[in-house]
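Chemist: I'm passing along upload-v1.tsv; it holds TSV, N, CA and C atoms.
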chain	number	residue	atom	x	y	z
Z	1	PHE	N	-57.65	-12.23	-39.94
Z	1	PHE	CA	-57.39	-13.36	-39.10
Z	1	PHE	C	-58.08	-13.16	-37.76
Z	2	THR	N	-58.44	-14.25	-37.16
Z	2	THR	CA	-59.14	-14.18	-35.88
Z	2	THR	C	-58.34	-14.84	-34.75
Z	3	ALA	N	-57.24	-15.50	-35.10
Z	3	ALA	CA	-56.41	-16.16	-34.09
Z	3	ALA	C	-55.03	-16.42	-34.69
Z	4	ILE	N	-54.05	-16.59	-33.81
Z	4	ILE	CA	-52.72	-17.03	-34.22
Z	4	ILE	C	-52.53	-18.40	-33.59
Z	5	ASP	N	-52.36	-19.39	-34.43
Z	5	ASP	CA	-52.24	-20.77	-33.97
Z	5	ASP	C	-51.06	-20.91	-33.01
Z	6	GLU	N	-51.27	-21.55	-31.91
Z	6	GLU	CA	-50.20	-21.75	-30.93
Z	6	GLU	C	-49.06	-22.59	-31.47
Z	7	ASP	N	-49.32	-23.35	-32.54
Z	7	ASP	CA	-48.28	-24.17	-33.15
Z	7	ASP	C	-47.47	-23.41	-34.20
Z	8	THR	N	-47.73	-22.12	-34.35
Z	8	THR	CA	-46.99	-21.31	-35.32
Z	8	THR	C	-45.52	-21.29	-34.94
Z	9	ASP	N	-44.65	-21.68	-35.88
Z	9	ASP	CA	-43.21	-21.70	-35.60
Z	9	ASP	C	-42.67	-20.29	-35.40
Z	10	VAL	N	-42.98	-19.38	-36.33
Z	10	VAL	CA	-42.55	-17.99	-36.26
Z	10	VAL	C	-43.64	-17.13	-36.87
Z	11	LEU	N	-44.05	-16.09	-36.16
Z	11	LEU	CA	-45.00	-15.13	-36.71
Z	11	LEU	C	-44.20	-14.07	-37.44
Z	12	LEU	N	-44.47	-13.89	-38.72
Z	12	LEU	CA	-43.78	-12.90	-39.55
Z	12	LEU	C	-44.78	-11.81	-39.90
Z	13	VAL	N	-44.50	-10.60	-39.43
Z	13	VAL	CA	-45.37	-9.44	-39.69
Z	13	VAL	C	-44.58	-8.48	-40.56
Z	14	VAL	N	-45.00	-8.31	-41.83
Z	14	VAL	CA	-44.26	-7.49	-42.78
Z	14	VAL	C	-45.08	-6.26	-43.14
Z	15	HIS	N	-44.48	-5.10	-42.95
Z	15	HIS	CA	-45.07	-3.81	-43.31
Z	15	HIS	C	-46.50	-3.65	-42.77
Z	16	PRO	N	-46.66	-3.75	-41.46
Z	16	PRO	CA	-48.00	-3.65	-40.87
Z	16	PRO	C	-48.58	-2.25	-40.99
Z	17	GLN	N	-49.81	-2.18	-41.46
Z	17	GLN	CA	-50.53	-0.92	-41.57
Z	17	GLN	C	-52.00	-1.14	-41.21
Z	18	ASN	N	-52.54	-0.19	-40.48
Z	18	ASN	CA	-53.98	-0.14	-40.22
Z	18	ASN	C	-54.55	-1.43	-39.64
Z	19	PHE	N	-53.85	-2.05	-38.72
Z	19	PHE	CA	-54.38	-3.25	-38.07
Z	19	PHE	C	-55.49	-2.85	-37.10
Z	20	SER	N	-56.48	-3.68	-36.99
Z	20	SER	CA	-57.55	-3.43	-36.03
Z	20	SER	C	-57.01	-3.66	-34.62
Z	21	GLU	N	-57.75	-3.15	-33.63
Z	21	GLU	CA	-57.36	-3.37	-32.24
Z	21	GLU	C	-57.31	-4.86	-31.91
Z	22	ALA	N	-58.23	-5.62	-32.49
Z	22	ALA	CA	-58.26	-7.07	-32.25
Z	22	ALA	C	-57.00	-7.74	-32.80
Z	23	HIS	N	-56.56	-7.32	-33.99
Z	23	HIS	CA	-55.35	-7.89	-34.58
Z	23	HIS	C	-54.12	-7.51	-33.76
Z	24	LEU	N	-54.06	-6.24	-33.33
Z	24	LEU	CA	-52.94	-5.80	-32.51
Z	24	LEU	C	-52.86	-6.61	-31.22
Z	25	LYS	N	-54.00	-6.87	-30.63
Z	25	LYS	CA	-54.05	-7.65	-29.38
Z	25	LYS	C	-53.55	-9.07	-29.60
Z	26	LEU	N	-53.94	-9.68	-30.73
Z	26	LEU	CA	-53.47	-11.04	-31.04
Z	26	LEU	C	-51.95	-11.08	-31.18
Z	27	ILE	N	-51.39	-10.09	-31.88
Z	27	ILE	CA	-49.94	-10.04	-32.08
Z	27	ILE	C	-49.23	-9.79	-30.75
Z	28	GLU	N	-49.75	-8.84	-29.98
Z	28	GLU	CA	-49.15	-8.55	-28.68
Z	28	GLU	C	-49.19	-9.77	-27.76
Z	29	ASP	N	-50.31	-10.47	-27.72
Z	29	ASP	CA	-50.41	-11.67	-26.88
Z	29	ASP	C	-49.42	-12.73	-27.33
Z	30	HIS	N	-49.24	-12.87	-28.64
Z	30	HIS	CA	-48.28	-13.83	-29.18
Z	30	HIS	C	-46.86	-13.49	-28.70
Z	31	ILE	N	-46.50	-12.20	-28.77
Z	31	ILE	CA	-45.17	-11.76	-28.35
Z	31	ILE	C	-44.99	-11.94	-26.84
Z	32	ARG	N	-45.99	-11.52	-26.08
Z	32	ARG	CA	-45.90	-11.61	-24.61
Z	32	ARG	C	-45.83	-13.07	-24.13
Z	33	ALA	N	-46.35	-13.99	-24.94
Z	33	ALA	CA	-46.28	-15.41	-24.58
Z	33	ALA	C	-44.89	-15.98	-24.86
Z	34	GLY	N	-44.00	-15.13	-25.41
Z	34	GLY	CA	-42.63	-15.57	-25.67
Z	34	GLY	C	-42.48	-16.36	-26.95
Z	35	ARG	N	-43.47	-16.28	-27.82
Z	35	ARG	CA	-43.40	-17.01	-29.08
Z	35	ARG	C	-42.57	-16.22	-30.09
Z	36	PRO	N	-41.81	-16.91	-30.94
Z	36	PRO	CA	-40.95	-16.24	-31.91
Z	36	PRO	C	-41.74	-15.35	-32.87
Z	37	THR	N	-41.25	-14.13	-33.04
Z	37	THR	CA	-41.91	-13.15	-33.90
Z	37	THR	C	-40.85	-12.32	-34.61
Z	38	ILE	N	-41.04	-12.10	-35.90
Z	38	ILE	CA	-40.20	-11.20	-36.67
Z	38	ILE	C	-41.11	-10.12	-37.23
Z	39	ILE	N	-40.74	-8.85	-37.00
Z	39	ILE	CA	-41.55	-7.74	-37.48
Z	39	ILE	C	-40.67	-6.86	-38.36
Z	40	ALA	N	-41.09	-6.65	-39.60
Z	40	ALA	CA	-40.37	-5.80	-40.54
Z	40	ALA	C	-41.16	-4.51	-40.73
Z	41	ILE	N	-40.60	-3.41	-40.21
Z	41	ILE	CA	-41.25	-2.11	-40.27
Z	41	ILE	C	-40.44	-1.21	-41.19
Z	42	ASP	N	-41.14	-0.48	-42.06
Z	42	ASP	CA	-40.49	0.42	-43.01
Z	42	ASP	C	-41.17	1.78	-42.94
Z	43	PRO	N	-40.45	2.83	-42.56
Z	43	PRO	CA	-41.07	4.15	-42.46
Z	43	PRO	C	-41.35	4.79	-43.82
Z	44	MET	N	-40.80	4.23	-44.91
Z	44	MET	CA	-41.01	4.80	-46.24
Z	44	MET	C	-40.94	3.69	-47.28
Z	45	CYS	N	-41.91	2.79	-47.24
Z	45	CYS	CA	-41.91	1.63	-48.13
Z	45	CYS	C	-42.17	2.06	-49.58
Z	46	GLU	N	-41.16	1.97	-50.41
Z	46	GLU	CA	-41.30	2.38	-51.81
Z	46	GLU	C	-42.20	1.45	-52.61
Z	47	ALA	N	-42.35	0.23	-52.16
Z	47	ALA	CA	-43.19	-0.73	-52.87
Z	47	ALA	C	-44.68	-0.53	-52.57
Z	48	ASP	N	-44.98	0.26	-51.55
Z	48	ASP	CA	-46.38	0.52	-51.17
Z	48	ASP	C	-46.90	1.69	-51.99
Z	49	ALA	N	-47.60	1.39	-53.05
Z	49	ALA	CA	-48.09	2.42	-53.96
Z	49	ALA	C	-49.55	2.76	-53.67
Z	50	PRO	N	-49.94	4.02	-53.90
Z	50	PRO	CA	-51.34	4.39	-53.71
Z	50	PRO	C	-52.21	3.72	-54.77
Z	51	PRO	N	-53.51	3.61	-54.50
Z	51	PRO	CA	-54.40	2.94	-55.44
Z	51	PRO	C	-54.44	3.61	-56.82
Z	52	ASP	N	-54.32	4.94	-56.85
Z	52	ASP	CA	-54.40	5.66	-58.12
Z	52	ASP	C	-53.06	6.32	-58.41
Z	53	MET	N	-52.20	5.63	-59.12
Z	53	MET	CA	-50.86	6.14	-59.44
Z	53	MET	C	-50.92	7.28	-60.45
Z	54	ARG	N	-52.06	7.46	-61.12
Z	54	ARG	CA	-52.17	8.53	-62.12
Z	54	ARG	C	-52.43	9.89	-61.47
Z	55	ASN	N	-52.79	9.88	-60.19
Z	55	ASN	CA	-53.07	11.12	-59.47
Z	55	ASN	C	-51.82	11.54	-58.70
Z	56	PRO	N	-51.12	12.58	-59.18
Z	56	PRO	CA	-49.87	12.98	-58.52
Z	56	PRO	C	-50.06	13.38	-57.06
Z	57	LEU	N	-51.19	14.01	-56.75
Z	57	LEU	CA	-51.45	14.41	-55.37
Z	57	LEU	C	-51.62	13.19	-54.47
Z	58	ALA	N	-52.30	12.17	-54.96
Z	58	ALA	CA	-52.49	10.94	-54.19
Z	58	ALA	C	-51.15	10.26	-53.94
Z	59	VAL	N	-50.27	10.31	-54.92
Z	59	VAL	CA	-48.95	9.70	-54.78
Z	59	VAL	C	-48.17	10.41	-53.67
Z	60	LEU	N	-48.25	11.74	-53.63
Z	60	LEU	CA	-47.51	12.50	-52.62
Z	60	LEU	C	-48.12	12.35	-51.22
Z	61	GLN	N	-49.43	12.18	-51.14
Z	61	GLN	CA	-50.09	12.12	-49.85
Z	61	GLN	C	-50.20	10.71	-49.28
Z	62	HIS	N	-49.89	9.71	-50.08
Z	62	HIS	CA	-50.04	8.32	-49.64
Z	62	HIS	C	-49.09	8.01	-48.48
Z	63	ASP	N	-49.64	7.47	-47.42
Z	63	ASP	CA	-48.84	7.10	-46.24
Z	63	ASP	C	-48.17	5.76	-46.50
Z	64	ARG	N	-46.87	5.77	-46.69
Z	64	ARG	CA	-46.11	4.56	-47.00
Z	64	ARG	C	-45.48	3.93	-45.76
Z	65	ALA	N	-45.73	4.50	-44.61
Z	65	ALA	CA	-45.09	4.02	-43.38
Z	65	ALA	C	-45.84	2.84	-42.78
Z	66	SER	N	-45.08	1.93	-42.22
Z	66	SER	CA	-45.66	0.86	-41.42
Z	66	SER	C	-45.23	1.10	-39.98
Z	67	ASN	N	-46.05	0.61	-39.06
Z	67	ASN	CA	-45.74	0.89	-37.67
Z	67	ASN	C	-46.56	-0.02	-36.76
Z	68	LEU	N	-45.97	-0.45	-35.71
Z	68	LEU	CA	-46.67	-1.20	-34.67
Z	68	LEU	C	-46.38	-0.58	-33.31
Z	69	ALA	N	-46.17	0.73	-33.29
Z	69	ALA	CA	-45.82	1.42	-32.04
Z	69	ALA	C	-46.84	1.17	-30.95
Z	70	ALA	N	-48.10	0.97	-31.32
Z	70	ALA	CA	-49.15	0.76	-30.32
Z	70	ALA	C	-48.87	-0.44	-29.42
Z	71	ILE	N	-48.23	-1.46	-29.97
Z	71	ILE	CA	-47.91	-2.62	-29.13
Z	71	ILE	C	-46.42	-2.72	-28.82
Z	72	LEU	N	-45.57	-2.21	-29.71
Z	72	LEU	CA	-44.13	-2.33	-29.47
Z	72	LEU	C	-43.65	-1.38	-28.40
Z	73	GLY	N	-44.23	-0.18	-28.33
Z	73	GLY	CA	-43.84	0.79	-27.31
Z	73	GLY	C	-43.99	0.24	-25.91
Z	74	PRO	N	-45.16	-0.29	-25.56
Z	74	PRO	CA	-45.32	-0.87	-24.22
Z	74	PRO	C	-44.40	-2.06	-23.95
Z	75	LEU	N	-43.90	-2.69	-25.01
Z	75	LEU	CA	-42.97	-3.80	-24.85
Z	75	LEU	C	-41.52	-3.31	-24.77
Z	76	GLY	N	-41.33	-1.99	-24.86
Z	76	GLY	CA	-39.99	-1.41	-24.75
Z	76	GLY	C	-39.23	-1.36	-26.06
Z	77	VAL	N	-39.91	-1.55	-27.18
Z	77	VAL	CA	-39.26	-1.53	-28.49
Z	77	VAL	C	-39.59	-0.22	-29.18
Z	78	THR	N	-38.56	0.48	-29.66
Z	78	THR	CA	-38.78	1.72	-30.38
Z	78	THR	C	-38.09	1.66	-31.74
Z	79	MET	N	-38.55	2.50	-32.65
Z	79	MET	CA	-37.95	2.59	-33.97
Z	79	MET	C	-37.46	4.02	-34.16
Z	80	THR	N	-36.21	4.17	-34.52
Z	80	THR	CA	-35.64	5.48	-34.79
Z	80	THR	C	-35.66	5.70	-36.29
Z	81	GLU	N	-36.46	6.69	-36.72
Z	81	GLU	CA	-36.52	6.97	-38.17
Z	81	GLU	C	-35.17	7.46	-38.65
Z	82	GLY	N	-34.81	7.06	-39.85
Z	82	GLY	CA	-33.53	7.44	-40.41
Z	82	GLY	C	-32.43	6.47	-40.08
Z	83	MET	N	-32.72	5.43	-39.30
Z	83	MET	CA	-31.71	4.46	-38.93
Z	83	MET	C	-32.01	3.14	-39.65
Z	84	VAL	N	-30.98	2.56	-40.20
Z	84	VAL	CA	-31.12	1.28	-40.90
Z	84	VAL	C	-30.31	0.24	-40.15
Z	85	VAL	N	-30.91	-0.92	-39.95
Z	85	VAL	CA	-30.21	-2.00	-39.29
Z	85	VAL	C	-30.02	-3.11	-40.31
Z	86	GLY	N	-28.82	-3.61	-40.42
Z	86	GLY	CA	-28.56	-4.66	-41.39
Z	86	GLY	C	-27.34	-5.46	-41.01
Z	87	ASP	N	-27.15	-6.54	-41.71
Z	87	ASP	CA	-26.02	-7.42	-41.51
Z	87	ASP	C	-25.14	-7.33	-42.75
Z	88	LEU	N	-23.92	-6.87	-42.58
Z	88	LEU	CA	-23.03	-6.68	-43.73
Z	88	LEU	C	-22.50	-8.00	-44.28
Z	89	GLN	N	-22.72	-9.09	-43.57
Z	89	GLN	CA	-22.22	-10.37	-44.06
Z	89	GLN	C	-23.38	-11.12	-44.57
Taking this structure as input, can you express it in the form of structure tokens?
Modeler:
Amino acid sequence: FTAIDEDTDVLLVVHPQNFSEAHLKLIEDHIRAGRPTIIAIDPMCEADAPPDMRNPLAVLQHDRASNLAAILGPLGVTMTEGMVVGDLQ
């Protein structure tokens, strides 16, 4: 993507990995403009499988974590690994 439309109702970022600096800047600008944003970060996404599932070493070494610390940290948002947030209702 090269832009986030200003008419976007809600920006939904799910399991972000390896975003370019340009993409991070677009997301950060969207957030700083006060536009609604939902970010789902998973430090151990089980659904994120390595390209070669037949290689046991690749399976063990595959980075399953998502993170946007590069932009969330400066915004005062942190993620504590091992903590789950949910709504019981």
Chemist: Provide the CA of Ser66 in chain Z to CA of Asp7 in chain Z distance in Å, to one decimal place.
Modeler: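 Separation of CA of Ser66 in chain Z and CA of Asp7 in chain Z: 26.5 Å.
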Chemist: Using only N, CA and C atoms, which protein or nucleic acid residues come within 8 Å of Asn67 in chain Z? Drop anything in the same chain fewer than 3 positions from it, and give the result as a VMD selection string.
Modeler: chain Z and resid 15 to 19 40 to 43 64 70 to 72
Chemist: Could you check how far CA of Glu21 in chain Z sits from atom C of Leu60 in chain Z, in Å to one decimal?
Modeler: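 If I compute the distance from CA of Glu21 in chain Z to atom C of Leu60 in chain Z, I get 26.3 Å.
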Chemist: To one decimal in Å, tell me the separation between CA of His62 in chain Z and CA of Ala47 in chain Z.
Modeler: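 So the two atoms, CA of His62 in chain Z and CA of Ala47 in chain Z, lie 11.8 Å apart.
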